[in-house]
$ cat query_4.txt   # compact mmCIF, C-alpha atoms
# COMPACT_ATOMS: atom_id res chain seq x y z
CA MET A 1 -100.83 -15.55 -49.39
CA ASP A 2 -101.08 -15.54 -45.62
CA PHE A 3 -104.66 -14.38 -45.95
CA LEU A 4 -105.45 -17.36 -48.18
CA ASN A 5 -103.83 -19.69 -45.65
CA PHE A 6 -106.04 -18.16 -42.97
CA LEU A 7 -109.10 -19.04 -45.06
CA ASP A 8 -107.91 -22.63 -45.32
CA PHE A 9 -110.00 -23.65 -42.33
CA LYS A 10 -110.21 -27.40 -41.76
CA ILE A 11 -112.48 -29.52 -39.59
CA THR A 12 -109.51 -30.28 -37.31
CA ASP A 13 -109.20 -26.55 -36.62
CA LEU A 14 -112.83 -26.48 -35.48
CA ILE A 15 -112.25 -29.48 -33.21
CA ASP A 16 -109.15 -27.76 -31.84
CA ILE A 17 -111.14 -24.61 -30.99
CA LEU A 18 -113.92 -26.64 -29.35
CA LEU A 19 -111.44 -28.59 -27.20
CA VAL A 20 -109.76 -25.38 -26.05
CA ALA A 21 -113.17 -23.87 -25.24
CA ILE A 22 -114.12 -26.95 -23.19
CA LEU A 23 -110.78 -26.84 -21.38
CA LEU A 24 -111.20 -23.14 -20.54
CA TYR A 25 -114.75 -23.80 -19.31
CA TYR A 26 -113.56 -26.50 -16.91
CA ILE A 27 -110.72 -24.29 -15.67
CA TYR A 28 -113.16 -21.43 -15.09
CA LYS A 29 -115.56 -23.75 -13.27
CA LEU A 30 -112.68 -24.96 -11.15
CA VAL A 31 -111.22 -21.61 -10.03
CA ARG A 32 -114.26 -19.33 -9.99
CA GLY A 33 -114.90 -17.74 -6.60
CA THR A 34 -111.45 -18.72 -5.29
CA ALA A 35 -108.12 -16.98 -4.83
CA ALA A 36 -106.81 -19.12 -7.69
CA VAL A 37 -108.58 -16.82 -10.15
CA ASN A 38 -105.98 -14.09 -9.58
CA ILE A 39 -103.11 -16.55 -10.01
CA PHE A 40 -104.69 -17.94 -13.17
CA LEU A 41 -105.11 -14.43 -14.62
CA GLY A 42 -101.47 -13.68 -13.82
CA ILE A 43 -100.38 -16.81 -15.68
CA VAL A 44 -102.52 -15.86 -18.69
CA PHE A 45 -100.97 -12.38 -18.70
CA VAL A 46 -97.40 -13.76 -18.63
CA TRP A 47 -98.22 -16.27 -21.37
CA ALA A 48 -99.78 -13.54 -23.57
CA PHE A 49 -96.74 -11.31 -23.01
CA TRP A 50 -94.46 -14.21 -23.99
CA LYS A 51 -96.37 -14.79 -27.23
CA LEU A 52 -96.30 -11.08 -27.99
CA THR A 53 -92.51 -10.96 -27.64
CA GLN A 54 -92.24 -13.95 -29.97
CA LEU A 55 -94.51 -12.26 -32.51
CA LEU A 56 -92.43 -9.07 -32.38
CA GLU A 57 -89.23 -11.16 -32.60
CA MET A 58 -87.85 -9.73 -29.36
CA LYS A 59 -85.51 -12.69 -28.90
CA MET A 60 -83.83 -11.75 -25.63
CA ILE A 61 -86.93 -10.99 -23.56
CA SER A 62 -88.75 -13.85 -25.28
CA SER A 63 -86.08 -16.35 -24.19
CA VAL A 64 -86.15 -15.01 -20.61
CA VAL A 65 -89.94 -15.24 -20.31
CA GLY A 66 -89.92 -18.58 -22.13
CA GLY A 67 -87.46 -19.99 -19.61
CA PHE A 68 -89.65 -18.71 -16.79
CA MET A 69 -92.68 -20.43 -18.34
CA GLN A 70 -90.86 -23.75 -18.61
CA VAL A 71 -89.61 -23.69 -15.01
CA GLY A 72 -92.92 -22.24 -13.86
CA LEU A 73 -94.76 -25.34 -15.05
CA ILE A 74 -93.24 -27.36 -12.20
CA ALA A 75 -94.10 -24.60 -9.72
CA LEU A 76 -97.69 -24.55 -10.99
CA ILE A 77 -98.09 -28.26 -10.29
CA VAL A 78 -97.07 -27.61 -6.68
CA VAL A 79 -99.15 -24.44 -6.23
CA PHE A 80 -102.26 -25.86 -7.90
CA GLN A 81 -101.98 -29.37 -6.49
CA GLN A 82 -105.48 -29.43 -5.01
CA GLU A 83 -107.02 -27.64 -7.98
CA ILE A 84 -105.41 -30.06 -10.47
CA ARG A 85 -106.72 -33.00 -8.44
CA LYS A 86 -110.19 -31.51 -8.44
CA PHE A 87 -109.92 -30.71 -12.16
CA LEU A 88 -109.07 -34.32 -13.03
CA LEU A 89 -111.83 -35.54 -10.75
CA MET A 90 -114.29 -33.15 -12.43
CA ILE A 91 -113.44 -34.60 -15.84
CA GLY A 92 -113.62 -38.15 -14.55
CA SER A 93 -116.98 -37.46 -12.91
CA THR A 94 -118.57 -36.03 -16.06
CA ASN A 95 -121.89 -37.72 -16.77
CA LEU A 96 -120.88 -40.14 -19.50
CA SER A 97 -123.69 -42.45 -20.57
CA ASN A 98 -122.25 -45.69 -19.24
CA LYS A 99 -119.47 -44.48 -16.96
CA ARG A 100 -120.85 -46.02 -13.77
CA ASN A 101 -121.59 -49.31 -15.47
CA PHE A 102 -118.02 -49.26 -16.82
CA VAL A 103 -116.62 -48.70 -13.33
CA LYS A 104 -118.79 -51.38 -11.78
CA ARG A 105 -117.95 -53.87 -14.50
CA PHE A 106 -114.18 -53.57 -14.26
CA ASN A 107 -113.99 -52.61 -10.57
CA PHE A 108 -111.23 -50.05 -11.05
CA LEU A 109 -112.12 -48.07 -7.93
CA LYS A 110 -114.56 -50.28 -6.07
CA GLN A 111 -113.93 -53.34 -4.01
CA ASP A 112 -114.62 -56.76 -5.50
CA GLY A 113 -118.19 -57.98 -5.59
CA ILE A 114 -121.53 -56.49 -6.54
CA ILE A 115 -122.47 -53.48 -4.42
CA PRO A 116 -126.24 -53.11 -3.88
CA ASP A 117 -127.90 -49.78 -4.57
CA LEU A 118 -128.34 -47.31 -1.74
CA LYS A 119 -131.74 -47.14 -0.06
CA VAL A 120 -132.25 -43.41 -0.49
CA SER A 121 -135.55 -43.45 1.40
CA VAL A 122 -133.85 -44.89 4.50
CA VAL A 123 -131.12 -42.24 4.46
CA LEU A 124 -133.60 -39.38 4.02
CA GLU A 125 -135.93 -40.73 6.71
CA ALA A 126 -133.00 -40.82 9.13
CA CYS A 127 -131.96 -37.29 8.09
CA GLU A 128 -135.51 -36.02 8.61
CA LYS A 129 -135.74 -37.48 12.13
CA MET A 130 -132.31 -36.18 13.12
CA SER A 131 -133.22 -32.79 11.67
CA LYS A 132 -136.33 -32.59 13.85
CA SER A 133 -134.35 -33.55 16.96
CA ARG A 134 -131.44 -31.30 15.91
CA THR A 135 -128.96 -34.14 16.02
CA GLY A 136 -125.70 -33.20 14.30
CA ALA A 137 -124.55 -35.72 11.71
CA ILE A 138 -122.42 -36.23 8.59
CA LEU A 139 -123.31 -38.98 6.13
CA VAL A 140 -120.82 -39.55 3.32
CA ILE A 141 -122.04 -41.68 0.40
CA GLU A 142 -119.37 -43.39 -1.67
CA ARG A 143 -119.69 -43.37 -5.45
CA SER A 144 -116.97 -44.27 -7.96
CA ASN A 145 -113.96 -43.15 -5.89
CA SER A 146 -113.11 -45.57 -3.09
CA LEU A 147 -113.13 -44.06 0.41
CA ASP A 148 -110.93 -46.75 1.94
CA PHE A 149 -108.16 -44.19 2.42
CA ILE A 150 -110.20 -42.35 5.07
CA LYS A 151 -112.25 -45.08 6.70
CA SER A 152 -109.17 -46.26 8.60
CA SER A 153 -109.29 -42.95 10.52
CA GLY A 154 -112.47 -44.13 12.24
CA ASP A 155 -114.03 -47.39 13.39
CA ARG A 156 -114.62 -49.94 10.68
CA MET A 157 -118.10 -51.41 10.47
CA ASN A 158 -120.00 -53.72 8.19
CA ALA A 159 -123.62 -53.15 9.10
CA GLU A 160 -126.73 -53.10 6.97
CA LEU A 161 -128.03 -49.60 6.38
CA ASN A 162 -131.26 -49.01 8.30
CA LEU A 163 -132.98 -46.30 10.30
CA PRO A 164 -132.36 -47.60 13.87
CA ILE A 165 -128.62 -48.01 13.30
CA LEU A 166 -128.19 -44.52 11.84
CA GLU A 167 -130.16 -42.97 14.70
CA SER A 168 -128.22 -44.91 17.33
CA ILE A 169 -124.85 -43.95 15.80
CA PHE A 170 -125.56 -40.21 15.94
CA PHE A 171 -127.39 -40.29 19.29
CA LYS A 172 -125.72 -37.59 21.40
CA ASN A 173 -124.63 -39.99 24.14
CA SER A 174 -123.35 -42.60 21.69
CA PRO A 175 -119.57 -43.10 21.59
CA LEU A 176 -119.84 -43.25 17.77
CA HIS A 177 -121.58 -39.93 17.16
CA ASP A 178 -118.41 -37.87 16.60
CA GLY A 179 -117.15 -37.81 13.02
CA ALA A 180 -118.73 -39.04 9.82
CA VAL A 181 -120.42 -42.22 8.70
CA ILE A 182 -119.27 -43.76 5.41
CA ILE A 183 -121.96 -45.50 3.38
CA ARG A 184 -121.08 -47.87 0.55
CA GLY A 185 -124.04 -49.18 -1.37
CA ASN A 186 -126.51 -50.46 1.20
CA ARG A 187 -124.04 -50.86 4.06
CA ILE A 188 -122.35 -48.68 6.67
CA ILE A 189 -118.63 -49.39 6.38
CA ALA A 190 -117.19 -46.96 8.95
CA THR A 191 -118.14 -44.59 11.75
CA ARG A 192 -116.32 -41.80 13.63
CA VAL A 193 -114.38 -41.08 10.44
CA ILE A 194 -112.19 -37.96 10.40
CA LEU A 195 -112.67 -36.11 7.11
CA PRO A 196 -110.18 -33.72 5.48
CA LEU A 197 -111.23 -30.11 6.07
CA SER A 198 -111.70 -27.81 3.10
CA GLN A 199 -109.31 -24.84 2.88
CA GLU A 200 -111.83 -22.82 0.85
CA ARG A 201 -112.08 -19.29 2.27
CA ASN A 202 -115.45 -18.44 0.76
CA ILE A 203 -117.45 -20.78 3.00
CA PRO A 204 -119.90 -18.65 5.04
CA LEU A 205 -118.98 -18.34 8.72
CA ARG A 206 -122.36 -19.73 9.79
CA PHE A 207 -121.21 -23.17 8.65
CA GLY A 208 -119.02 -25.05 11.12
CA LEU A 209 -116.53 -27.89 10.98
CA ARG A 210 -119.12 -30.46 9.90
CA HIS A 211 -119.88 -28.55 6.72
CA ARG A 212 -116.22 -27.76 6.08
CA ALA A 213 -115.38 -31.45 6.47
CA ALA A 214 -118.19 -32.46 4.10
CA ILE A 215 -116.96 -29.93 1.53
CA GLY A 216 -113.40 -31.22 1.98
CA ILE A 217 -114.20 -34.87 1.17
CA THR A 218 -116.39 -33.92 -1.81
CA GLU A 219 -113.58 -31.72 -3.16
CA LYS A 220 -111.12 -34.62 -3.11
CA THR A 221 -113.49 -37.39 -4.26
CA ASP A 222 -116.81 -37.74 -6.08
CA ALA A 223 -118.58 -38.72 -2.84
CA LEU A 224 -121.89 -37.15 -1.79
CA ALA A 225 -122.42 -35.72 1.68
CA LEU A 226 -125.48 -34.97 3.80
CA VAL A 227 -124.93 -32.74 6.84
CA ILE A 228 -127.47 -32.13 9.62
CA SER A 229 -126.81 -28.97 11.59
CA GLU A 230 -126.96 -29.38 15.36
CA GLU A 231 -127.85 -25.70 15.81
CA THR A 232 -130.63 -25.30 13.21
CA GLY A 233 -131.53 -28.83 12.13
CA THR A 234 -130.96 -27.81 8.51
CA ILE A 235 -130.01 -30.58 6.09
CA SER A 236 -127.29 -29.62 3.61
CA TYR A 237 -126.60 -31.60 0.46
CA ILE A 238 -122.99 -31.24 -0.74
CA LYS A 239 -121.27 -32.56 -3.86
CA ASN A 240 -118.20 -31.51 -5.84
CA GLY A 241 -117.26 -29.22 -2.94
CA GLU A 242 -120.41 -27.13 -3.31
CA PHE A 243 -123.81 -26.82 -1.64
CA THR A 244 -126.64 -28.15 -3.79
CA MET A 245 -129.89 -26.29 -3.23
CA TYR A 246 -133.29 -28.04 -3.10
CA LYS A 247 -136.85 -27.01 -2.28
CA ASP A 248 -138.16 -30.00 -0.33
CA PHE A 249 -137.47 -33.62 0.56
CA LYS A 250 -139.02 -34.83 -2.66
CA GLU A 251 -136.57 -32.80 -4.72
CA LEU A 252 -133.67 -33.88 -2.48
CA GLU A 253 -134.67 -37.51 -3.05
CA SER A 254 -134.73 -36.94 -6.82
CA LEU A 255 -131.30 -35.29 -6.72
CA LEU A 256 -129.80 -38.14 -4.72
CA LYS A 257 -131.24 -40.81 -7.00
CA LYS A 258 -130.04 -38.93 -10.07
CA ASP A 259 -126.51 -38.51 -8.69
CA LEU A 260 -126.32 -42.17 -7.74
CA GLN A 261 -127.28 -43.48 -11.18
$ encode --input "query_4.txt" --output "structure tokens"
Amino acid sequence: MDFLNFLDFKITDLIDILLVAILLYYIYKLVRGTAAVNIFLGIVFVWAFWKLTQLLEMKMISSVVGGFMQVGLIALIVVFQQEIRKFLLMIGSTNLSNKRNFVKRFNFLKQDGIIPDLKVSVVLEACEKMSKSRTGAILVIERSNSLDFIKSSGDRMNAELNLPILESIFFKNSPLHDGAVIIRGNRIIATRVILPLSQERNIPLRFGLRHRAAIGITEKTDALALVISEETGTISYIKNGEFTMYKDFKELESLLKKDLQ
């Protein structure tokens, strides 16, 4: 009889399996390469042991482990606070067909008013010039998540985005060159912004505080970051807390335009 019930496979069971598979994929994508993998595996082991004790009807040990699992849920929220935030951001940043239009239309995360599209060519031209002169810089490009919570750490600005202004901001003798520039649409809204540093331990040692700061803000929001190394002149493109590789400026331009759609 149980075997026949097992064969009674409904479409809702298939949907259930697919949803669990998607959830596990996102969790794996979230914790891979981090110390959280070991914690996650430990949780899976305890949960599997709990289910095994229930299956074997070992009531005493099952109740003990079950109580630990219930209390442990609160502890997990505290331990995985950053990972949960990133997980929810990852889901919210999934490329839905009209997600950005939806956000722009209802202005959930943006300020009121129509925000013009970013002039990607201007940003890349400035990055190329600063790369050649080995001028260190961090450019953070706002997308759906508002960056108002960090712009107050720097100097507020409302200037049109253009090449001379970007070059003058990051000029070595400029009082504004320390920190990051926040770009919203086609305007520079803040300079000298202090970004939250990433606590990720797997970042190569050759990358300094600029790169760690760029990774930090892209971990916590869906912003994009361009970092010019003062030592090598290398331009790094960072999103979702990870380095995005590209072959040349043409490919970098395509990636930026795609991510800003």
$ atom_distance --input "query_4.txt" --atom1 "CA of Asn162 (chain A)" --atom2 "CA of Asp248 (chain A)"
22.0 Å
$ closest_atom_pairs --input "query_4.txt" --of "region 178-197 of chain A" --to "region 152-157 of chain A" --cutoff "8 Å" --atoms "all atoms listed in the file" --output "tab-separated table"
residue	atom	partner	partner_atom	distance
A:Gly179	CA	A:Gly154	CA	7.9
A:Ile188	CA	A:Met157	CA	6.3
A:Ile189	CA	A:Met157	CA	4.6
A:Ala190	CA	A:Arg156	CA	4.3
A:Thr191	CA	A:Asp155	CA	5.2
A:Arg192	CA	A:Gly154	CA	4.7
A:Val193	CA	A:Gly154	CA	4.0
A:Ile194	CA	A:Ser153	CA	5.8
$ closest_residue --input "query_4.txt" --among "A:Val46, A:Leu209, A:Val65, A:Met130" --to "Ser168 (chain A)" --atoms "all atoms listed in the file"
A:Met130
$ atom_distance --input "query_4.txt" --atom1 "CA of Ile43 (chain A)" --atom2 "CA of Leu23 (chain A)"
15.5 Å
$ atom_distance --input "query_4.txt" --atom1 "CA of Ser144 (chain A)" --atom2 "CA of Leu195 (chain A)"
17.7 Å
$ closest_residue --input "query_4.txt" --among "A:Ser198, A:Thr53, A:Asn186, A:Asn158" --to "Val120 (chain A)" --atoms "all atoms listed in the file"
A:Asn186
$ closest_residue --input "query_4.txt" --among "A:Leu197, A:Ala159, A:Val181, A:Ile74" --to "Ala225 (chain A)" --atoms "only C-alpha atoms"
A:Val181
$ residues_around --input "query_4.txt" --residues "Val122 (chain A)" --least-positions-apart "2" --cutoff "8 Å" --atoms "only C-alpha atoms" --output "list in words"
Lys119, Val120, Leu124, Glu125, Ala126, Leu161, Asn162 and Leu163 of chain A
$ closest_residue --input "query_4.txt" --among "A:Ile61, A:Met245, A:Ile150, A:Leu139" --to "Ser229 (chain A)" --atoms "all atoms listed in the file"
A:Leu139
$ closest_residue --input "query_4.txt" --among "A:Ile228, A:Leu260, A:Leu24, A:Ala223" --to "Glu142 (chain A)" --atoms "only C-alpha atoms"
A:Ala223
$ closest_residue --input "query_4.txt" --among "A:Arg143, A:Arg201, A:Glu253, A:Gly136" --to "Ile169 (chain A)" --atoms "only C-alpha atoms"
A:Gly136
$ residues_near_point --input "query_4.txt" --point "(-90.3, -15.9, -20.6)" --cutoff "9 Å" --atoms "only C-alpha atoms" --output "list in words"
Val46, Trp47, Phe49, Trp50, Thr53, Ile61, Ser62, Ser63, Val64, Val65, Gly66, Gly67, Phe68, Met69 and Gln70 of chain A
$ residues_near_point --input "query_4.txt" --point "(-119.9, -36.3, 0.1)" --cutoff "7 Å" --atoms "only C-alpha atoms" --output "list in words"
Val140, Ile141, Ala214, Ile217, Thr218, Ala223, Leu224, Ala225, Leu226, Ile238 and Lys239 of chain A
$ decode --input "query_4.txt" --residues "region 163-206 of chain A" --atoms "N, CA and C atoms" --output "tab-separated table (two decimals), in the first residue's frame"
chain	number	residue	atom	x	y	z
A	163	LEU	N	33.55	63.66	-17.91
A	163	LEU	CA	34.95	63.28	-17.78
A	163	LEU	C	35.77	64.24	-16.93
A	164	PRO	N	35.72	65.56	-17.17
A	164	PRO	CA	36.54	66.48	-16.37
A	164	PRO	C	36.26	66.40	-14.87
A	165	ILE	N	34.98	66.26	-14.50
A	165	ILE	CA	34.65	66.21	-13.07
A	165	ILE	C	35.21	64.95	-12.43
A	166	LEU	N	35.05	63.80	-13.09
A	166	LEU	CA	35.58	62.55	-12.54
A	166	LEU	C	37.10	62.61	-12.39
A	167	GLU	N	37.77	63.16	-13.40
A	167	GLU	CA	39.23	63.26	-13.32
A	167	GLU	C	39.67	64.20	-12.20
A	168	SER	N	38.94	65.32	-12.04
A	168	SER	CA	39.32	66.30	-11.02
A	168	SER	C	39.06	65.75	-9.61
A	169	ILE	N	38.00	64.94	-9.46
A	169	ILE	CA	37.70	64.38	-8.14
A	169	ILE	C	38.82	63.46	-7.67
A	170	PHE	N	39.30	62.60	-8.56
A	170	PHE	CA	40.30	61.61	-8.17
A	170	PHE	C	41.74	62.06	-8.43
A	171	PHE	N	41.93	63.33	-8.81
A	171	PHE	CA	43.28	63.88	-8.93
A	171	PHE	C	43.97	63.78	-7.56
A	172	LYS	N	45.22	63.35	-7.56
A	172	LYS	CA	45.90	63.00	-6.31
A	172	LYS	C	45.94	64.14	-5.31
A	173	ASN	N	46.01	65.39	-5.78
A	173	ASN	CA	46.07	66.52	-4.86
A	173	ASN	C	44.68	67.09	-4.54
A	174	SER	N	43.65	66.45	-5.05
A	174	SER	CA	42.29	66.93	-4.79
A	174	SER	C	41.85	66.51	-3.39
A	175	PRO	N	41.17	67.39	-2.67
A	175	PRO	CA	40.67	67.02	-1.33
A	175	PRO	C	39.54	65.98	-1.38
A	176	LEU	N	39.03	65.69	-2.58
A	176	LEU	CA	37.91	64.76	-2.73
A	176	LEU	C	38.33	63.37	-3.17
A	177	HIS	N	39.64	63.15	-3.37
A	177	HIS	CA	40.06	61.90	-4.02
A	177	HIS	C	39.98	60.68	-3.10
A	178	ASP	N	39.99	60.89	-1.78
A	178	ASP	CA	39.87	59.75	-0.86
A	178	ASP	C	38.43	59.26	-0.83
A	179	GLY	N	38.25	57.96	-0.77
A	179	GLY	CA	36.91	57.39	-0.71
A	179	GLY	C	36.32	57.14	-2.08
A	180	ALA	N	35.04	56.84	-2.09
A	180	ALA	CA	34.36	56.44	-3.33
A	180	ALA	C	33.45	57.54	-3.84
A	181	VAL	N	33.16	57.46	-5.13
A	181	VAL	CA	32.17	58.32	-5.76
A	181	VAL	C	30.91	57.49	-5.99
A	182	ILE	N	29.75	58.05	-5.65
A	182	ILE	CA	28.48	57.38	-5.88
A	182	ILE	C	27.81	58.01	-7.11
A	183	ILE	N	27.45	57.17	-8.06
A	183	ILE	CA	26.83	57.63	-9.29
A	183	ILE	C	25.40	57.11	-9.34
A	184	ARG	N	24.47	58.01	-9.51
A	184	ARG	CA	23.06	57.65	-9.66
A	184	ARG	C	22.57	58.17	-11.01
A	185	GLY	N	22.25	57.23	-11.90
A	185	GLY	CA	21.84	57.65	-13.22
A	185	GLY	C	22.96	58.37	-13.93
A	186	ASN	N	22.72	59.62	-14.30
A	186	ASN	CA	23.72	60.40	-15.01
A	186	ASN	C	24.28	61.52	-14.14
A	187	ARG	N	24.26	61.31	-12.81
A	187	ARG	CA	24.74	62.35	-11.91
A	187	ARG	C	25.62	61.74	-10.82
A	188	ILE	N	26.56	62.54	-10.35
A	188	ILE	CA	27.40	62.19	-9.21
A	188	ILE	C	26.71	62.75	-7.97
A	189	ILE	N	26.32	61.87	-7.05
A	189	ILE	CA	25.54	62.33	-5.89
A	189	ILE	C	26.36	62.42	-4.62
A	190	ALA	N	27.58	61.86	-4.61
A	190	ALA	CA	28.41	61.95	-3.40
A	190	ALA	C	29.86	61.61	-3.72
A	191	THR	N	30.76	62.22	-2.98
A	191	THR	CA	32.19	61.93	-3.09
A	191	THR	C	32.75	61.66	-1.70
A	192	ARG	N	33.97	61.15	-1.65
A	192	ARG	CA	34.65	60.82	-0.39
A	192	ARG	C	33.79	59.91	0.50
A	193	VAL	N	33.05	59.03	-0.11
A	193	VAL	CA	32.15	58.14	0.63
A	193	VAL	C	32.95	56.99	1.24
A	194	ILE	N	32.67	56.68	2.49
A	194	ILE	CA	33.30	55.56	3.17
A	194	ILE	C	32.42	54.32	2.98
A	195	LEU	N	32.96	53.30	2.35
A	195	LEU	CA	32.20	52.09	2.06
A	195	LEU	C	32.45	51.02	3.13
A	196	PRO	N	31.47	50.16	3.36
A	196	PRO	CA	31.67	49.05	4.31
A	196	PRO	C	32.64	48.03	3.74
A	197	LEU	N	33.63	47.64	4.54
A	197	LEU	CA	34.63	46.68	4.07
A	197	LEU	C	34.09	45.26	4.14
A	198	SER	N	34.42	44.47	3.13
A	198	SER	CA	34.04	43.06	3.13
A	198	SER	C	34.87	42.30	4.16
A	199	GLN	N	34.22	41.34	4.82
A	199	GLN	CA	34.91	40.47	5.79
A	199	GLN	C	35.30	39.14	5.16
A	200	GLU	N	35.14	39.03	3.85
A	200	GLU	CA	35.49	37.79	3.15
A	200	GLU	C	36.98	37.52	3.26
A	201	ARG	N	37.34	36.30	3.66
A	201	ARG	CA	38.75	35.95	3.88
A	201	ARG	C	39.45	35.43	2.63
A	202	ASN	N	38.68	35.14	1.60
A	202	ASN	CA	39.28	34.56	0.40
A	202	ASN	C	39.73	35.59	-0.62
A	203	ILE	N	39.66	36.87	-0.28
A	203	ILE	CA	40.12	37.90	-1.21
A	203	ILE	C	41.65	37.85	-1.27
A	204	PRO	N	42.24	37.73	-2.46
A	204	PRO	CA	43.70	37.67	-2.58
A	204	PRO	C	44.38	38.87	-1.92
A	205	LEU	N	45.54	38.64	-1.33
A	205	LEU	CA	46.25	39.68	-0.59
A	205	LEU	C	46.70	40.83	-1.47
A	206	ARG	N	46.82	40.57	-2.79
A	206	ARG	CA	47.28	41.65	-3.68
A	206	ARG	C	46.25	42.77	-3.82
